[in-house]
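To start, the structure itself, in structure tokens.
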Amino acid sequence: TGGRLQGKNVLITGASSGIGEACARHFAQAGSNLLLSARRKDRLEKLKGELESRHPNIKVSTFELDVRNRSKVQATATTFGDVDVLVNNAGLVIGLDKLEDISEEAMDTMIDTNVKGLVHVTQSVLPGMRARNKGHIINIGSVAGQQAYANGSIYCASKAAVASITKALLYETVDTAIRISEINPGMVETEFSLVRFRGDKERADSVYKGLQPLDGNDIAETVVFVAGRPDHVNIAEMLVFPVNQA
Ligand code: NDP
């Protein structure tokens with residue numbers, strides 16, 4: 001990244017595990033200061049301790065934050081200071097079922113987290129970026145937003161919404177120096193996958209069909225690459241697959 005991320009303030013949502021946690025490690029490696037948020041504060045504190053001892057030159061702050069809670073997001077954002085890079089990563093999938101079997105609760109949780117939560121955090125950070133006419137918002141979408149699959153209707157719809165929101169934001173900020181990017185991972189082995197398969201290794205194996213999934217580091221490297229381009233370069237979209245996925 002040519003040192004371009006050094007000293008930048010990077011806010012990551014869902015930094016307590018998986019892709020978000022890997023992003024924290026990779027931005028720390030690049031010399032960025034970190035604003036780490038998630039609901040599991042204990043995980044964030046542990047990660048902060050580890051990163052600060054490994055990278056004494058960076059500053060790491062942690063925020064217990066449920067992205068679904070708009071007023072809490074707005075209140076917490078007043079303490080962030082200037083955010084140079086926002087990685088909208090918090091997201092989940094639950095209750096993969098046929099449409100007629102999806103519970104109201106599962107539907108609300110996915111829409112409230114993956115769609116509304118992303119909007120809440122963006123709304124709390126974008127005005128500051130506009131005022132400074134700089135900043136970078138990187139949304140973690142999914143291939144699921146482009147290719148729907150059986151039993152994934154609501155999750156796929158939530159990620160298609162992320163794609164639409166990202167495109168609209170790109171237009172809304174086109175006359176500014178703010179960059180807007182979307183990174184769409186294919187299969188990544190994280191806690192998400194364990195939840196998705198409810199710990200059912202046999203089912204996981206049948207879905208992966210011998211395919212070697214990515215891990216969080218593979219996506220984090222991509223996120224850091226995208227963030228680390230020169231200010232006049234915006235990588236608007238990237239699809240990152242394991243080699244045998246299409
Ligand atoms: P993980 O389950 O490992 O991580 C999800 C993160 O989101 C956790 O840190 C969790 O933190 C956080 N999170 C969930 N709900 C909330 C909430 N309401 N408020 C704040 N944080 C929340 O999964 P991944 O790392 O795999 O997922 C990260 C992103 O990548 C998601 O948006 C997912 O949709 C996307 N993705 C994942 C793929 C995969 O195959 N794994 C493929 C394509 C996209 P906590 O519970 O502490 O709040």
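Convention: chains lettered A, B, ... in structure tokens order; per-chain residue numbering from 1; ligands numbered from 1 as shown.
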Near-ligand residues for ligand 1, threshold 7 Å, only C-alpha atoms and all ligand atoms, as a ChimeraX atom specification: /A:13-21,37-41,65-68,89-93,113-114,140-144,184-193,216
Ala163 (chain A) environment, 9 Å, only C-alpha atoms, sequence neighbours closer than 5 positions dropped, as a PDB file with C-alpha atoms, in the first residue's frame:
```pdb
ATOM      1  CA  ASN A 139     -18.935  -2.268   2.055  1.00  0.00           C
ATOM      2  CA  GLY A 141     -21.398  -7.419   0.224  1.00  0.00           C
ATOM      3  CA  SER A 142     -21.435 -10.990  -1.022  1.00  0.00           C
ATOM      4  CA  GLY A 145     -26.140 -10.360  -3.650  1.00  0.00           C
ATOM      5  CA  GLN A 146     -25.509 -11.277  -7.289  1.00  0.00           C
ATOM      6  CA  SER A 158     -30.082  -8.250   2.032  1.00  0.00           C
ATOM      7  CA  ALA A 168     -26.409   4.816  -5.126  1.00  0.00           C
ATOM      8  CA  GLU A 182     -17.884  -2.926  -2.503  1.00  0.00           C
TER       9      GLU A 182
END
```
Residue set, region 4-169 of chain A restricted to alpha helix (DSSP H), as a ChimeraX atom specification: /A:18-29,41-54,70-77,104-110,118-132,153-169
Picked from region 47-86 of chain A by DSSP as strand (DSSP E), as a VMD selection string: chain A and resid 60 to 64 85 to 86
Give me a file of those residues, with C-alpha atoms, as an mmCIF file, in the first residue's frame.
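Everything below was put into again20.cif:
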```cif
data_model
loop_
_atom_site.group_PDB
_atom_site.id
_atom_site.type_symbol
_atom_site.label_atom_id
_atom_site.label_comp_id
_atom_site.auth_asym_id
_atom_site.auth_seq_id
_atom_site.Cartn_x
_atom_site.Cartn_y
_atom_site.Cartn_z
ATOM 1 C CA VAL A 60 -6.683 1.015 18.945
ATOM 2 C CA SER A 61 -10.085 1.975 20.366
ATOM 3 C CA THR A 62 -12.986 -0.399 20.940
ATOM 4 C CA PHE A 63 -16.724 0.250 20.882
ATOM 5 C CA GLU A 64 -19.476 -2.063 22.016
ATOM 6 C CA VAL A 85 -11.814 4.492 6.141
ATOM 7 C CA LEU A 86 -15.072 2.806 7.131
#
```
Counting only C-alpha atoms, the residue of A:Ala131, A:Gly117, A:Asp97, A:Thr1 that sits nearest Phe197 (chain A): A:Asp97
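The closest residue to Asn217 (chain A), picked from A:Thr173, A:Leu11, A:Val125, A:His26 and counting only C-alpha atoms, is A:His26.
The shortest atom-to-atom distance to Thr122 (chain A), with only C-alpha atoms taken into account, belongs to A:Ile12 out of A:Asp215, A:Ile58, A:Ile183, A:Ile12.
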Between CA of Lys59 (chain A) and CA of Lys8 (chain A), distance in Å (one decimal): 10.2 Å
Contacts of Leu169 (chain A) within 10 Å, only C-alpha atoms, excl. fewer than 4 positions in-chain, as a list of chain:residue names: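 That gives A:Thr122, A:Ile137, A:Ala163, A:Ser164, A:Ile165, A:Thr173, A:Val174, A:Ile178, A:Arg179, A:Ile180, A:Ser181.
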Write a file of the just-selected residues containing C-alpha atoms, as a compact mmCIF listing (two decimals), in the first residue's frame.
```txt
# COMPACT_ATOMS: atom_id res chain seq x y z
CA THR A 122 -22.72 5.10 7.09
CA ILE A 137 -16.37 3.58 2.57
CA ALA A 163 -25.05 -3.64 -3.73
CA SER A 164 -27.81 -1.15 -4.57
CA ILE A 165 -26.95 1.09 -1.63
CA THR A 173 -20.61 11.20 -3.81
CA VAL A 174 -19.39 11.41 -7.41
CA ILE A 178 -14.86 10.28 -1.15
CA ARG A 179 -14.32 6.75 -2.41
CA ILE A 180 -17.03 4.08 -2.30
CA SER A 181 -16.16 0.41 -2.79
```
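Near Ile111 (chain A), within a cut-off of 9 Å and counting only C-alpha atoms, sit the residues Ala106, Met107, Val115, Lys116, Gly117, Ile154, Tyr155, Ala157 and Ser158 of chain A, with same-chain residues fewer than 4 positions away left out.
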Residues as selected, C-alpha atoms, written as a PDB file, in the first residue's frame, can you do that?
```pdb
ATOM      1  CA  ALA A 106     -34.738 -14.303  11.212  1.00  0.00           C
ATOM      2  CA  MET A 107     -35.923 -11.976   8.468  1.00  0.00           C
ATOM      3  CA  VAL A 115     -29.038  -3.500   5.463  1.00  0.00           C
ATOM      4  CA  LYS A 116     -30.251  -1.036   8.080  1.00  0.00           C
ATOM      5  CA  GLY A 117     -27.164  -1.455  10.274  1.00  0.00           C
ATOM      6  CA  ILE A 154     -33.668 -13.087   2.543  1.00  0.00           C
ATOM      7  CA  TYR A 155     -29.902 -13.203   3.016  1.00  0.00           C
ATOM      8  CA  ALA A 157     -31.896  -9.994  -0.831  1.00  0.00           C
ATOM      9  CA  SER A 158     -30.082  -8.250   2.032  1.00  0.00           C
TER      10      SER A 158
END
```
Shell of 10 Å around Ala227 (chain A), only C-alpha atoms, local chain residues under 3 positions omitted, as an MDAnalysis selection string: chainID A and resid 1 4:5 10 27 84:87 135:138 179:181 221:224 230:231 233:235
Write to file, as a JSON list (two decimals), in the first residue's frame, the residues of the selection just made, with C-alpha atoms.
```json
[["chain", "number", "residue", "atom", "x", "y", "z"],
["A", 1, "THR", "CA", 0.00, 0.00, 0.00],
["A", 4, "ARG", "CA", -0.61, 5.23, 2.40],
["A", 5, "LEU", "CA", -2.60, 3.67, 5.24],
["A", 10, "VAL", "CA", -10.04, 2.97, 10.18],
["A", 27, "PHE", "CA", -4.80, -2.57, 8.77],
["A", 84, "ASP", "CA", -10.66, 7.98, 7.05],
["A", 85, "VAL", "CA", -11.81, 4.49, 6.14],
["A", 86, "LEU", "CA", -15.07, 2.81, 7.13],
["A", 87, "VAL", "CA", -15.31, -0.94, 6.60],
["A", 135, "GLY", "CA", -12.71, 9.31, 3.11],
["A", 136, "HIS", "CA", -13.37, 5.80, 1.90],
["A", 137, "ILE", "CA", -16.37, 3.58, 2.57],
["A", 138, "ILE", "CA", -15.83, -0.11, 1.88],
["A", 179, "ARG", "CA", -14.32, 6.75, -2.41],
["A", 180, "ILE", "CA", -17.03, 4.08, -2.30],
["A", 181, "SER", "CA", -16.16, 0.41, -2.79],
["A", 221, "GLU", "CA", -5.78, -8.51, 2.11],
["A", 222, "THR", "CA", -8.20, -7.40, -0.60],
["A", 223, "VAL", "CA", -9.79, -4.76, 1.64],
["A", 224, "VAL", "CA", -6.39, -3.33, 2.57],
["A", 230, "PRO", "CA", -3.84, 6.35, -4.26],
["A", 231, "ASP", "CA", -6.60, 8.88, -3.43],
["A", 233, "VAL", "CA", -8.18, 5.59, -7.62],
["A", 234, "ASN", "CA", -11.46, 3.98, -6.59],
["A", 235, "ILE", "CA", -11.87, 0.25, -6.96]]
```
Point-to-point distance from CA of Lys167 (chain A) to CA of Asn88 (chain A), Å rounded to tenths: 14.5 Å
Proximity to Glu52 (chain A) - best of A:Ala24, A:Ala148, A:Glu237, A:Arg70, only C-alpha atoms: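 Residue with the minimum atom-to-atom distance to Glu52 (chain A): A:Ala24.
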Shell around Leu96 (chain A) at 8 Å using only C-alpha atoms, local window under 3 positions removed, as a ChimeraX atom specification: /A:93,102,151-152,196
Straight-line distance linking CA of Ala220 (chain A) with CA of Arg25 (chain A), stated in Å to one decimal: 8.4 Å
From A:Ala28, A:Leu34, A:Ala177, A:Ala22, residue lying nearest Phe80 (chain A) [only C-alpha atoms]: A:Leu34
